[in-house]
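Source file: target-v3.cif; contents: mmCIF, C-alpha atoms (C1' of nucleotides).
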data_protein
#
loop_
_atom_site.label_atom_id
_atom_site.label_comp_id
_atom_site.auth_asym_id
_atom_site.auth_seq_id
_atom_site.Cartn_x
_atom_site.Cartn_y
_atom_site.Cartn_z
CA MET A 186 0.00 0.00 0.00
CA ARG A 187 1.38 3.35 -1.04
CA ILE A 188 0.61 6.28 1.32
CA ALA A 189 1.56 9.87 0.58
CA THR A 190 1.34 13.35 2.06
CA TRP A 191 1.43 16.66 0.23
CA ASN A 192 0.89 20.26 1.27
CA VAL A 193 -0.48 21.59 -2.02
CA ASN A 194 -0.77 25.30 -1.04
CA SER A 195 -4.28 25.75 -2.49
CA VAL A 196 -5.86 22.66 -4.04
CA ARG A 197 -7.67 24.80 -6.61
CA GLN A 198 -4.43 26.42 -7.80
CA ARG A 199 -2.74 23.02 -7.85
CA ILE A 200 -5.42 20.72 -9.30
CA GLU A 201 -3.52 20.04 -12.54
CA HIS A 202 -0.36 19.23 -10.62
CA LEU A 203 -2.32 17.02 -8.28
CA THR A 204 -3.97 14.95 -11.01
CA ALA A 205 -0.71 14.65 -12.96
CA TRP A 206 1.11 13.46 -9.85
CA LEU A 207 -1.69 11.02 -8.88
CA LYS A 208 -1.36 9.37 -12.29
CA GLU A 209 2.42 9.26 -12.02
CA ALA A 210 2.84 8.08 -8.42
CA ALA A 211 -0.37 6.02 -8.20
CA PRO A 212 -0.71 6.27 -4.41
CA ASP A 213 -3.43 4.28 -2.62
CA VAL A 214 -3.97 6.97 0.01
CA VAL A 215 -3.05 10.67 -0.08
CA CYS A 216 -3.13 13.15 2.79
CA LEU A 217 -3.47 16.74 1.57
CA GLN A 218 -2.90 19.96 3.49
CA GLU A 219 -3.51 23.67 2.90
CA LEU A 220 -6.56 23.22 0.70
CA LYS A 221 -7.40 26.91 1.25
CA CYS A 222 -11.02 26.39 0.23
CA LEU A 223 -14.38 25.35 1.63
CA ASP A 224 -15.59 21.78 1.17
CA GLU A 225 -18.06 22.83 -1.54
CA ALA A 226 -15.23 24.39 -3.57
CA PHE A 227 -12.99 21.28 -3.43
CA PRO A 228 -12.36 19.92 -6.97
CA ARG A 229 -13.94 16.53 -6.29
CA LEU A 230 -14.82 15.42 -9.83
CA GLU A 231 -11.28 15.65 -11.20
CA ILE A 232 -10.00 13.43 -8.38
CA GLU A 233 -12.96 11.04 -8.22
CA SER A 234 -12.54 10.37 -11.94
CA LEU A 235 -9.11 8.91 -11.11
CA GLY A 236 -10.74 6.40 -8.78
CA TYR A 237 -10.40 8.08 -5.40
CA HIS A 238 -12.84 8.39 -2.52
CA ILE A 239 -12.53 11.78 -0.83
CA GLU A 240 -13.04 13.15 2.67
CA THR A 241 -12.35 16.82 3.29
CA LEU A 242 -12.23 19.31 6.14
CA GLY A 243 -12.04 22.61 4.33
CA GLN A 244 -11.73 26.20 5.49
CA LYS A 245 -12.04 29.48 3.66
CA THR A 246 -8.65 31.04 2.74
CA PHE A 247 -6.51 29.15 5.26
CA ASN A 248 -5.67 25.60 6.33
CA GLY A 249 -7.87 22.72 5.14
CA VAL A 250 -7.00 19.01 5.05
CA ALA A 251 -8.22 16.00 3.07
CA ILE A 252 -7.78 12.27 2.64
CA LEU A 253 -8.00 10.61 -0.79
CA SER A 254 -8.21 6.82 -0.98
CA LYS A 255 -8.57 4.19 -3.66
CA HIS A 256 -9.92 1.91 -0.93
CA LYS A 257 -13.15 2.29 0.97
CA ILE A 258 -13.05 4.98 3.67
CA GLU A 259 -14.74 4.13 6.96
CA ASP A 260 -15.21 6.02 10.20
CA CYS A 261 -13.92 9.44 9.14
CA ARG A 262 -13.38 11.96 11.97
CA ARG A 263 -12.73 15.68 11.71
CA GLY A 264 -10.65 17.72 14.15
CA LEU A 265 -8.13 16.63 16.75
CA PRO A 266 -9.67 15.71 20.11
CA HIS A 267 -8.92 18.54 22.59
CA GLN A 268 -7.56 20.72 19.77
CA PRO A 269 -6.88 24.13 21.35
CA GLY A 270 -8.35 27.49 20.45
CA GLU A 271 -10.74 28.48 17.68
CA PRO A 272 -11.74 25.81 15.17
CA GLN A 273 -9.08 25.53 12.47
CA SER A 274 -9.18 22.83 9.80
CA ARG A 275 -5.89 21.10 10.57
CA TYR A 276 -6.73 17.44 11.16
CA ILE A 277 -8.80 14.67 9.59
CA GLU A 278 -8.51 10.93 10.13
CA ALA A 279 -10.06 7.90 8.50
CA LEU A 280 -10.09 4.15 8.74
CA ILE A 281 -9.00 2.75 5.38
CA ALA A 282 -10.23 -0.74 4.65
CA PRO A 283 -8.45 -2.46 1.75
CA LYS A 284 -9.91 -5.76 0.58
CA ALA A 285 -8.28 -8.82 2.16
CA GLN A 286 -6.10 -6.70 4.48
CA LYS A 287 -6.29 -5.43 8.02
CA PRO A 288 -7.63 -1.87 8.12
CA ILE A 289 -5.22 0.98 8.70
CA ARG A 290 -5.91 4.33 10.37
CA ILE A 291 -4.55 7.32 8.50
CA ALA A 292 -4.53 10.96 9.61
CA SER A 293 -3.83 14.07 7.53
CA LEU A 294 -2.22 16.73 9.71
CA TYR A 295 -1.42 20.42 9.21
CA ALA A 296 0.41 21.63 12.31
CA PRO A 297 0.55 25.37 12.98
CA ASN A 298 3.55 27.36 11.74
CA GLY A 299 4.04 29.05 15.13
CA ASN A 300 5.84 32.21 14.03
CA PRO A 301 6.55 34.75 15.28
CA LEU A 302 8.13 33.61 18.54
CA GLY A 303 6.90 35.19 21.75
CA THR A 304 3.32 35.43 20.52
CA GLU A 305 0.19 33.35 21.08
CA LYS A 306 0.92 31.74 17.71
CA PHE A 307 3.93 29.92 19.11
CA SER A 308 2.08 28.73 22.23
CA TYR A 309 -0.80 27.63 19.98
CA LYS A 310 1.64 25.51 17.98
CA LEU A 311 2.96 23.83 21.12
CA ASP A 312 -0.56 23.29 22.51
CA PHE A 313 -1.67 21.78 19.20
CA LEU A 314 1.30 19.39 19.19
CA GLU A 315 0.51 18.46 22.79
CA ALA A 316 -3.03 17.52 21.74
CA LEU A 317 -1.53 15.41 18.94
CA ILE A 318 0.73 13.61 21.41
CA ALA A 319 -2.24 12.84 23.66
CA HIS A 320 -4.22 11.53 20.69
CA ALA A 321 -1.31 9.38 19.49
CA LYS A 322 -1.14 7.84 22.96
CA THR A 323 -4.76 6.71 22.79
CA TRP A 324 -4.24 5.30 19.29
CA LEU A 325 -1.15 3.40 20.43
CA GLN A 326 -3.22 1.61 23.06
CA SER A 327 -5.22 -0.01 20.26
CA GLU A 328 -2.05 -1.68 18.94
CA GLU A 329 -3.33 -1.12 15.40
CA ARG A 330 -1.62 -0.05 12.23
CA PHE A 331 -1.73 3.73 11.87
CA VAL A 332 0.02 6.55 10.04
CA ILE A 333 -0.07 10.25 10.95
CA ALA A 334 1.05 12.04 7.79
CA GLY A 335 1.31 15.70 7.06
CA ASP A 336 3.00 19.05 7.39
CA TYR A 337 4.33 19.02 10.95
CA ASN A 338 6.09 22.37 10.52
CA ILE A 339 9.03 20.92 12.46
CA ILE A 340 12.64 20.57 11.29
CA PRO A 341 13.64 17.61 13.49
CA LYS A 342 17.46 17.81 13.25
CA PRO A 343 20.23 20.05 11.83
CA GLN A 344 20.57 17.42 9.10
CA ASP A 345 17.04 18.30 7.96
CA ALA A 346 17.93 21.83 6.82
CA ALA A 347 20.39 23.06 4.21
CA HIS A 348 21.36 25.95 6.50
CA PRO A 349 20.27 25.09 10.04
CA ASP A 350 21.96 28.23 11.42
CA LEU A 351 19.37 30.34 9.58
CA TRP A 352 16.53 28.67 11.47
CA VAL A 353 17.67 28.98 15.08
CA ASN A 354 15.12 31.69 15.92
CA ASP A 355 12.29 30.17 13.92
CA ALA A 356 9.32 28.28 15.36
CA LEU A 357 10.01 25.37 12.98
CA TYR A 358 13.39 24.70 14.59
CA ARG A 359 13.04 25.96 18.16
CA PRO A 360 14.00 23.43 20.87
CA GLU A 361 10.42 23.57 22.20
CA SER A 362 9.04 22.45 18.80
CA ARG A 363 11.68 19.77 18.29
CA ALA A 364 11.06 18.49 21.83
CA LYS A 365 7.43 17.78 20.84
CA TRP A 366 8.71 15.81 17.84
CA GLN A 367 11.04 13.84 20.13
CA GLU A 368 8.09 13.12 22.42
CA LEU A 369 6.21 11.60 19.49
CA LEU A 370 9.19 9.39 18.64
CA ALA A 371 9.59 8.45 22.31
CA LEU A 372 6.02 7.09 22.28
CA GLY A 373 7.26 4.48 19.81
CA LEU A 374 6.34 6.14 16.53
CA THR A 375 8.71 5.84 13.56
CA ASP A 376 9.79 8.65 11.20
CA ALA A 377 9.34 6.65 7.99
CA VAL A 378 11.72 8.66 5.82
CA ARG A 379 14.55 8.59 8.39
CA ALA A 380 13.97 4.90 9.04
CA THR A 381 14.68 4.20 5.38
CA SER A 382 17.45 6.76 4.70
CA ASP A 383 20.10 8.65 6.67
CA ALA A 384 21.07 10.73 3.63
CA ASP A 385 21.61 14.48 3.84
CA GLN A 386 19.75 16.97 1.65
CA ILE A 387 16.42 15.18 1.87
CA TYR A 388 14.03 18.11 1.82
CA THR A 389 10.28 18.51 1.38
CA PHE A 390 9.97 22.32 1.28
CA TRP A 391 11.80 25.06 -0.58
CA ASP A 392 10.79 28.70 -0.08
CA TYR A 393 9.48 30.58 -3.11
CA GLN A 394 11.89 33.41 -2.33
CA ALA A 395 15.55 33.99 -3.11
CA GLY A 396 15.91 31.03 -5.48
CA ALA A 397 15.72 28.49 -2.65
CA TRP A 398 14.83 25.64 -5.04
CA GLN A 399 17.64 26.43 -7.48
CA LYS A 400 20.12 26.56 -4.59
CA ASN A 401 18.59 23.47 -2.96
CA ASN A 402 18.09 25.56 0.16
CA GLY A 403 15.40 23.28 1.59
CA ILE A 404 14.04 21.89 4.83
CA ARG A 405 12.37 18.61 5.78
CA ILE A 406 9.08 19.38 7.54
CA ASP A 407 6.56 16.98 5.95
CA HIS A 408 6.60 13.66 7.73
CA LEU A 409 4.90 10.29 8.08
CA LEU A 410 4.88 8.86 11.59
CA LEU A 411 4.08 5.15 11.84
CA SER A 412 2.80 3.00 14.68
CA PRO A 413 4.93 -0.08 15.51
CA GLN A 414 2.38 -2.28 13.72
CA ALA A 415 2.58 -0.12 10.58
CA THR A 416 6.38 0.05 10.80
CA ASP A 417 6.46 -3.76 10.55
CA GLY A 418 5.34 -3.37 6.95
CA LEU A 419 7.54 -0.41 5.96
CA LYS A 420 9.45 -1.22 2.75
CA SER A 421 10.58 2.12 1.35
CA SER A 422 10.05 5.86 1.21
CA ALA A 423 10.42 8.49 -1.51
CA ILE A 424 10.24 12.25 -1.92
CA ASP A 425 8.93 13.41 -5.29
CA ALA A 426 11.16 16.49 -5.34
CA HIS A 427 10.95 16.88 -9.14
CA VAL A 428 7.40 18.23 -8.68
CA ARG A 429 8.96 21.38 -7.17
CA GLY A 430 10.44 22.08 -10.61
CA TRP A 431 7.06 22.12 -12.36
CA GLU A 432 5.47 25.37 -13.52
CA LYS A 433 3.78 27.26 -10.64
CA PRO A 434 4.50 24.60 -8.03
CA SER A 435 3.51 24.29 -4.40
CA ASP A 436 6.42 25.14 -2.09
CA HIS A 437 6.07 21.60 -0.63
CA VAL A 438 6.50 18.30 -2.51
CA PRO A 439 4.85 14.90 -2.04
CA VAL A 440 6.39 12.41 0.39
CA ARG A 441 5.36 8.76 0.13
CA ILE A 442 5.96 5.34 1.61
CA ASP A 443 5.27 1.77 0.56
CA LEU A 444 3.88 -0.66 3.13
CA GLU A 445 3.69 -4.38 2.54
CA PHE A 446 2.30 -6.92 4.99
"C1'" DA B 154 22.44 45.63 -7.20
"C1'" DT B 155 21.40 44.46 -0.55
"C1'" DG B 156 16.60 42.86 -4.59
"C1'" DA B 157 14.48 38.58 -5.38
"C1'" DC B 158 7.49 34.70 -3.58
"C1'" DC B 159 2.76 33.03 -3.53
"C1'" DT B 160 -2.21 32.75 -2.13
"C1'" DA B 161 -6.95 34.47 -1.15
"C1'" DA B 162 -9.80 38.17 -0.33
"C1'" DC B 163 -15.77 42.57 0.41
"C1'" DT B 164 -8.26 43.35 -3.98
"C1'" DT B 165 -5.47 48.59 -5.65
"C1'" DT B 166 -3.37 46.39 0.13
"C1'" DT B 167 -3.16 42.99 3.73
"C1'" DA B 168 -2.49 38.73 6.38
"C1'" DG B 169 -0.52 34.42 6.51
"C1'" DG B 170 2.70 31.40 5.21
"C1'" DA B 171 7.80 29.22 6.48
#
Before we go any further, please render this structure as structure tokens.
Amino acid sequence: MRIATWNVNSVRQRIEHLTAWLKEAAPDVVCLQELKCLDEAFPRLEIESLGYHIETLGQKTFNGVAILSKHKIEDCRRGLPHQPGEPQSRYIEALIAPKAQKPIRIASLYAPNGNPLGTEKFSYKLDFLEALIAHAKTWLQSEERFVIAGDYNIIPKPQDAAHPDLWVNDALYRPESRAKWQELLALGLTDAVRATSDADQIYTFWDYQAGAWQKNNGIRIDHLLLSPQATDGLKSSAIDAHVRGWEKPSDHVPVRIDLEF
DNA sequence: ATGACCTAACTTTTAGGA
């Protein structure tokens, strides 16, 4: 089973990229972030015609997450339990039920950016991640296969940035943010990309500004975290970085894994 | 050269992103 995550930075702006990439990568399940549109404006037909079921949690202008699946979607839930603050569309989860396989729980996550430091935005980021940790704990008790995939807005290690020194005062790289990431790993979750590669220069985001893509000035902030039962089936991971070179791209690229049980 | 992006919106400027 191929599972992917992609922050598309407006699904309506990116629909042609999305359909082209779906045909090319042929994922079974896709977690999307930053839809930037309401549910009724989501381009369902273009995606359904490629054989996908769709569940969305949209929002006008900002945020918005979705799950696409070639397999039947059961028991979809919107919002993170105990998510802090005003409702923001940053989390959707679904039980995916492939034929002749155990079901797998998959969540699409868009964690807050958290900048600037010293504001309620940074504390909101940390509170949101705390709610995610609590939710992961309850999921772990089920001892089921699950994947939490999305834009975590966390650079886990210096190795995950081309110029880590430039990020020291940024919410994506602050020790408080990275400590939340470490807490998730300490629960027993596996960073699928790092579990399959210790290579440098594995990035998922390149800023639009200052020729970041051309200079390969990237960061790795889009992640798939796997439960122990899902990790048992982890075969490989890939980052479709070439998509960043397409005309009018998202600033993030798709990240995907293959599971085999 | 001290710049250089992109998106959505009650658009001619702003907020948010990272």
Name the residues that the PyMOL selection byres ((chain A) within 9 of (chain B)) pulls out of this structure, and write them as a ChimeraX atom specification. /A:194-195,198,221,245-247,298,300,338,355,357,390,392-396,435-436
To one decimal place, how far is CA of Glu305 (chain A) from CA of Pro360 (chain A) in Å?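 For CA of Glu305 (chain A) relative to CA of Pro360 (chain A), the distance reads 17.0 Å.
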Quick one, how far is CA of Gly373 (chain A) from CA of Ser412 (chain A)?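 If I compute the distance from CA of Gly373 (chain A) to CA of Ser412 (chain A), I get 7.0 Å.
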From CA of Val332 (chain A) to CA of Leu370 (chain A) the spacing works out at 12.9 Å
Ref. answer, residues at most 7 Å from (9.0, 16.8, -2.8) with all atoms listed in the file, as an MDAnalysis selection string: chainID A and resid 388:390 424:429 437:440
For the residues in that selection, give me C-alpha atoms as a PDB file, keeping the file's coordinate frame.
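Result file follows (selection33.pdb):
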ATOM      1  CA  TYR A 388      14.030  18.110   1.820  1.00  0.00           C
ATOM      2  CA  THR A 389      10.280  18.510   1.380  1.00  0.00           C
ATOM      3  CA  PHE A 390       9.970  22.320   1.280  1.00  0.00           C
ATOM      4  CA  ILE A 424      10.240  12.250  -1.920  1.00  0.00           C
ATOM      5  CA  ASP A 425       8.930  13.410  -5.290  1.00  0.00           C
ATOM      6  CA  ALA A 426      11.160  16.490  -5.340  1.00  0.00           C
ATOM      7  CA  HIS A 427      10.950  16.880  -9.140  1.00  0.00           C
ATOM      8  CA  VAL A 428       7.400  18.230  -8.680  1.00  0.00           C
ATOM      9  CA  ARG A 429       8.960  21.380  -7.170  1.00  0.00           C
ATOM     10  CA  HIS A 437       6.070  21.600  -0.630  1.00  0.00           C
ATOM     11  CA  VAL A 438       6.500  18.300  -2.510  1.00  0.00           C
ATOM     12  CA  PRO A 439       4.850  14.900  -2.040  1.00  0.00           C
ATOM     13  CA  VAL A 440       6.390  12.410   0.390  1.00  0.00           C
TER      14      VAL A 440
END
Name the residues captured by the PyMOL selection byres ((chain A and resi 264) around 10) when it is applied to the shown file; answer as JSON, numbers by chain. {"A": [242, 250, 262, 263, 265, 266, 267, 268, 272, 273, 274, 275, 276, 277, 278, 294]}
Show me as a PyMOL selection string the residues that reach within 6 Å of (-1.4, 22.0, 13.4), counting all atoms listed in the file and using the file's own coordinates. chain A and resi 275+295-297+313
Which one of A:Lys255, A:Thr381, A:Asp407, A:Gly249 sits closest to Ser234 (chain A) if you count only C-alpha atoms?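 Of all the options, A:Lys255 lies closest to Ser234 (chain A).
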With 6 Å on each side, where is the centre of the axis-aligned box around all listed atoms of region 155-171 of chain B, and how long are its edges in Å to one decimal, as AutoDock Vina command-line options?
--center_x 2.8 --center_y 38.9 --center_z 0.4 --size_x 49.2 --size_y 31.4 --size_z 24.2
Got a sec to resolve the PyMOL selection byres ((chain A and resi 251) around 12) on this structure and send the residues as a count of residues only? 53
Using only C-alpha atoms, can you tell me which of A:Asp385, A:Asp345, A:Glu361, A:Glu368 comes closest to Ala319 (chain A)? A:Glu368
